[in-house]
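Have a look at query.txt; it's compact mmCIF, C-alpha atoms:
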# COMPACT_ATOMS: atom_id res chain seq x y z
CA VAL A 1 -36.25 55.00 33.62
CA THR A 2 -37.95 53.61 30.54
CA GLU A 3 -38.10 54.92 27.00
CA ALA A 4 -41.85 55.39 27.48
CA MET A 5 -41.25 57.61 30.51
CA ILE A 6 -38.90 59.78 28.47
CA ALA A 7 -41.24 59.82 25.47
CA ASN A 8 -44.10 60.90 27.77
CA ARG A 9 -41.84 63.52 29.36
CA GLN A 10 -42.41 62.19 32.85
CA ARG A 11 -40.36 64.08 35.39
CA THR A 12 -39.36 61.70 38.13
CA PRO A 13 -36.60 61.50 40.73
CA GLU A 14 -35.23 58.54 38.78
CA LEU A 15 -34.97 60.61 35.61
CA ASP A 16 -33.27 63.40 37.52
CA ALA A 17 -30.76 60.92 38.92
CA LEU A 18 -30.11 59.48 35.45
CA LEU A 19 -29.58 62.93 33.97
CA ARG A 20 -27.20 63.93 36.76
CA PHE A 21 -25.26 60.70 36.26
CA GLN A 22 -24.96 61.42 32.54
CA ILE A 23 -23.92 65.03 33.21
CA ASP A 24 -21.15 63.87 35.53
CA ARG A 25 -20.08 61.25 33.02
CA ALA A 26 -19.92 63.80 30.19
CA ARG A 27 -17.94 66.23 32.36
CA ASP A 28 -15.43 63.47 33.03
CA TYR A 29 -15.05 62.86 29.29
CA TYR A 30 -14.56 66.58 28.67
CA ALA A 31 -11.88 66.71 31.36
CA LYS A 32 -10.08 63.76 29.82
CA SER A 33 -10.26 65.30 26.36
CA ARG A 34 -8.16 68.25 27.53
CA GLU A 35 -5.18 65.89 27.46
CA LEU A 36 -5.52 65.73 23.68
CA HIS A 37 -4.46 69.37 23.23
CA GLN A 38 -0.79 68.47 23.40
CA TYR A 39 -1.10 66.12 20.42
CA LEU A 40 -2.86 68.56 18.10
CA PRO A 41 -1.55 71.32 15.84
CA ALA A 42 -2.58 74.87 16.77
CA SER A 43 -5.62 74.82 14.47
CA GLY A 44 -6.79 71.53 15.98
CA ARG A 45 -6.35 72.88 19.52
CA ALA A 46 -8.50 75.90 18.63
CA ILE A 47 -11.26 73.72 17.19
CA LEU A 48 -11.18 71.36 20.17
CA GLY A 49 -11.25 74.34 22.52
CA VAL A 50 -14.34 75.77 20.82
CA MET A 51 -16.08 72.41 20.91
CA GLN A 52 -15.25 71.92 24.58
CA GLY A 53 -16.47 75.41 25.37
CA LEU A 54 -19.74 75.08 23.46
CA TYR A 55 -20.66 71.61 24.63
CA GLY A 56 -19.39 72.27 28.14
CA GLY A 57 -21.57 75.39 28.20
CA LEU A 58 -24.59 73.41 27.11
CA LEU A 59 -23.84 70.83 29.76
CA ASP A 60 -23.60 73.54 32.43
CA LYS A 61 -26.94 74.93 31.31
CA ILE A 62 -28.53 71.49 31.47
CA ALA A 63 -27.00 70.87 34.90
CA GLU A 64 -28.83 73.93 36.27
CA ALA A 65 -32.18 72.20 35.67
CA PRO A 66 -31.75 68.75 34.11
CA ALA A 67 -35.44 68.09 33.44
CA GLN A 68 -35.56 71.06 31.06
CA VAL A 69 -34.30 68.71 28.35
CA LEU A 70 -37.84 67.35 28.26
CA ASP A 71 -39.19 70.76 27.27
CA GLY A 72 -37.16 71.23 24.12
CA ARG A 73 -33.79 72.06 22.71
CA ILE A 74 -31.19 73.67 24.96
CA SER A 75 -29.02 76.34 23.40
CA LEU A 76 -26.46 78.99 24.19
CA SER A 77 -26.89 82.63 23.36
CA LEU A 78 -24.89 84.17 20.53
CA ARG A 79 -22.84 86.02 23.13
CA GLN A 80 -21.98 82.77 24.91
CA LYS A 81 -21.04 81.12 21.63
CA LEU A 82 -18.80 84.00 20.60
CA GLY A 83 -17.20 83.92 24.05
CA CYS A 84 -16.21 80.29 23.48
CA VAL A 85 -14.65 81.15 20.13
CA ILE A 86 -12.71 84.14 21.49
CA GLN A 87 -11.50 82.19 24.49
CA SER A 88 -10.15 79.43 22.25
CA LEU A 89 -8.07 81.69 20.02

Output the file's structure as C-alpha cells, nothing else.
Amino acid sequence: VTEAMIANRQRTPELDALLRFQIDRARDYYAKSRELHQYLPASGRAILGVMQGLYGGLLDKIAEAPAQVLDGRISLSLRQKLGCVIQSL
C-alpha cells in the first residue's frame, strides 16, 4: 500500500489487510495498557478507563468496515461516549 493509494482513497484488498493488521496491533496495545491500572491513583485509573473505552470503541467501529476511514472521520455517538465515562467511574 502506497501513500498515493491512500491519498487517492483506493480501496484494495491490500489496504484492507493493512487496516486489519493495524486494528489487531492497536487492540494488543490496549490490552497491554490495562496492566497500568494497578500503578495509577484512582483519578488516573478513571481517565485511562475513559480513554480505553473511547478509543477502543472507535477501533471497534472501524473494525466493522475498515475502509470507511477513507470516507471521513469516524466518531462515537454522545450516548456511546457517556457510556464510556459512566463505565469508568

Q.
Could you check the closest approach to A:Ala26 for each of A:Gly56, A:Pro13, A:Gly72, A:Gly83 and tell me which residue wins, using all atoms listed in the file?
A. A:Gly56

Q. Could you pull the residues within 10 Å of stretch 4-12 of chain A, counting only C-alpha atoms, minus those fewer than 3 positions along the same chain, as number ranges by chain?
A. A: 1, 15-18, 66-71

Q) Rounded to one decimal in Å, what is the spacing between atom CA of A:Ile23 and atom CA of A:Ala63? A)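 If I compute the distance from atom CA of A:Ile23 to atom CA of A:Ala63, I get 6.8 Å.
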
Q) Quick one: residues within 12 Å of A:Tyr55, only C-alpha atoms counted, chain neighbours fewer than 3 positions away excluded, as a list in words? A)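 The contact residues come out as Ile23, Ala26, Arg27, Tyr29, Tyr30, Leu48, Gly49, Val50, Met51, Gln52, Leu58, Leu59, Asp60, Lys61, Ile62, Ile74, Ser75, Leu76, Gln80, Lys81 and Cys84 of chain A.
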
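Between atom CA of A:Leu89 and atom CA of A:Leu40 lies a distance of 14.3 Å.
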
Q | Proximity to A:Val85 - best of A:Arg73, A:Ala65, A:Leu54, A:Asp24, all atoms listed in the file | A | A:Leu54

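One distance worth recording is that between atom CA of A:Ala46 and atom CA of A:Ile86, which is 9.7 Å.
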
Q: Could you tell me which of A:Gln38, A:Ser33, A:Ser88, A:Thr2 comes closest to A:Gly53 if we count all atoms listed in the file?
A: A:Ser88

From the coordinates I just gave you, please extract chain A so that only C-alpha atoms remain, then output it as a short mmCIF file (atom, residue, chain, number, x, y, z; two decimals), in the first residue's frame.
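Final file, selection-v8.cif:
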data_model
loop_
_atom_site.label_atom_id
_atom_site.label_comp_id
_atom_site.auth_asym_id
_atom_site.auth_seq_id
_atom_site.Cartn_x
_atom_site.Cartn_y
_atom_site.Cartn_z
CA VAL A 1 0.00 0.00 0.00
CA THR A 2 1.46 3.33 -1.03
CA GLU A 3 0.80 6.82 0.26
CA ALA A 4 -0.63 7.66 -3.17
CA MET A 5 -3.14 4.82 -2.90
CA ILE A 6 -4.29 6.14 0.47
CA ALA A 7 -4.36 9.74 -0.76
CA ASN A 8 -6.48 8.63 -3.74
CA ARG A 9 -8.72 6.62 -1.41
CA GLN A 10 -8.20 3.42 -3.34
CA ARG A 11 -9.96 0.52 -1.70
CA THR A 12 -7.93 -2.60 -2.28
CA PRO A 13 -7.54 -5.98 -0.59
CA GLU A 14 -4.04 -4.87 0.40
CA LEU A 15 -5.39 -1.79 2.17
CA ASP A 16 -7.99 -3.91 3.94
CA ALA A 17 -5.27 -6.29 5.11
CA LEU A 18 -3.13 -3.37 6.32
CA LEU A 19 -6.03 -1.85 8.23
CA ARG A 20 -6.91 -5.18 9.85
CA PHE A 21 -3.27 -5.64 10.85
CA GLN A 22 -3.23 -2.19 12.44
CA ILE A 23 -6.55 -2.84 14.20
CA ASP A 24 -5.19 -6.05 15.72
CA ARG A 25 -1.98 -4.28 16.69
CA ALA A 26 -3.88 -1.46 18.40
CA ARG A 27 -6.11 -3.93 20.26
CA ASP A 28 -3.00 -5.65 21.55
CA TYR A 29 -1.66 -2.32 22.84
CA TYR A 30 -4.99 -1.56 24.54
CA ALA A 31 -4.95 -4.97 26.21
CA LYS A 32 -1.42 -4.39 27.47
CA SER A 33 -2.33 -0.94 28.77
CA ARG A 34 -4.85 -2.48 31.18
CA GLU A 35 -1.87 -3.63 33.24
CA LEU A 36 -1.14 0.03 34.01
CA HIS A 37 -4.27 0.42 36.14
CA GLN A 38 -2.57 -1.05 39.19
CA TYR A 39 0.12 1.64 39.12
CA LEU A 40 -2.22 4.63 38.91
CA PRO A 41 -4.15 6.55 41.55
CA ALA A 42 -7.94 6.35 41.34
CA SER A 43 -8.22 9.50 39.24
CA GLY A 44 -5.62 8.19 36.80
CA ARG A 45 -7.43 4.84 36.53
CA ALA A 46 -10.67 6.66 35.68
CA ILE A 47 -9.00 8.74 32.98
CA LEU A 48 -7.25 5.71 31.50
CA GLY A 49 -10.53 3.79 31.57
CA VAL A 50 -12.33 6.55 29.67
CA MET A 51 -9.55 6.75 27.10
CA GLN A 52 -9.53 2.97 26.63
CA GLY A 53 -13.30 2.96 26.27
CA LEU A 54 -13.43 5.80 23.77
CA TYR A 55 -10.54 4.71 21.60
CA GLY A 56 -11.48 1.05 21.90
CA GLY A 57 -15.00 1.99 20.78
CA LEU A 58 -13.64 3.85 17.78
CA LEU A 59 -11.46 0.89 16.96
CA ASP A 60 -14.46 -1.46 17.14
CA LYS A 61 -16.39 0.83 14.82
CA ILE A 62 -13.52 0.91 12.35
CA ALA A 63 -13.16 -2.88 12.55
CA GLU A 64 -16.76 -3.28 11.35
CA ALA A 65 -15.80 -1.76 7.98
CA PRO A 66 -12.13 -0.74 7.85
CA ALA A 67 -12.26 1.06 4.51
CA GLN A 68 -14.72 3.59 5.95
CA VAL A 69 -11.70 5.51 7.24
CA LEU A 70 -11.22 6.66 3.64
CA ASP A 71 -14.63 8.34 3.68
CA GLY A 72 -14.04 10.66 6.60
CA ARG A 73 -13.77 10.93 10.33
CA ILE A 74 -15.09 8.10 12.48
CA SER A 75 -16.85 9.07 15.68
CA LEU A 76 -18.90 7.71 18.53
CA SER A 77 -22.34 8.96 19.41
CA LEU A 78 -22.82 11.09 22.52
CA ARG A 79 -24.56 8.13 24.14
CA GLN A 80 -21.56 5.88 23.48
CA LYS A 81 -19.18 8.50 24.84
CA LEU A 82 -21.22 8.97 28.00
CA GLY A 83 -21.36 5.19 28.42
CA CYS A 84 -17.56 5.08 28.46
CA VAL A 85 -17.42 7.77 31.12
CA ILE A 86 -20.05 6.12 33.33
CA GLN A 87 -18.42 2.72 32.98
CA SER A 88 -15.08 4.13 34.10
CA LEU A 89 -16.34 5.72 37.30
#
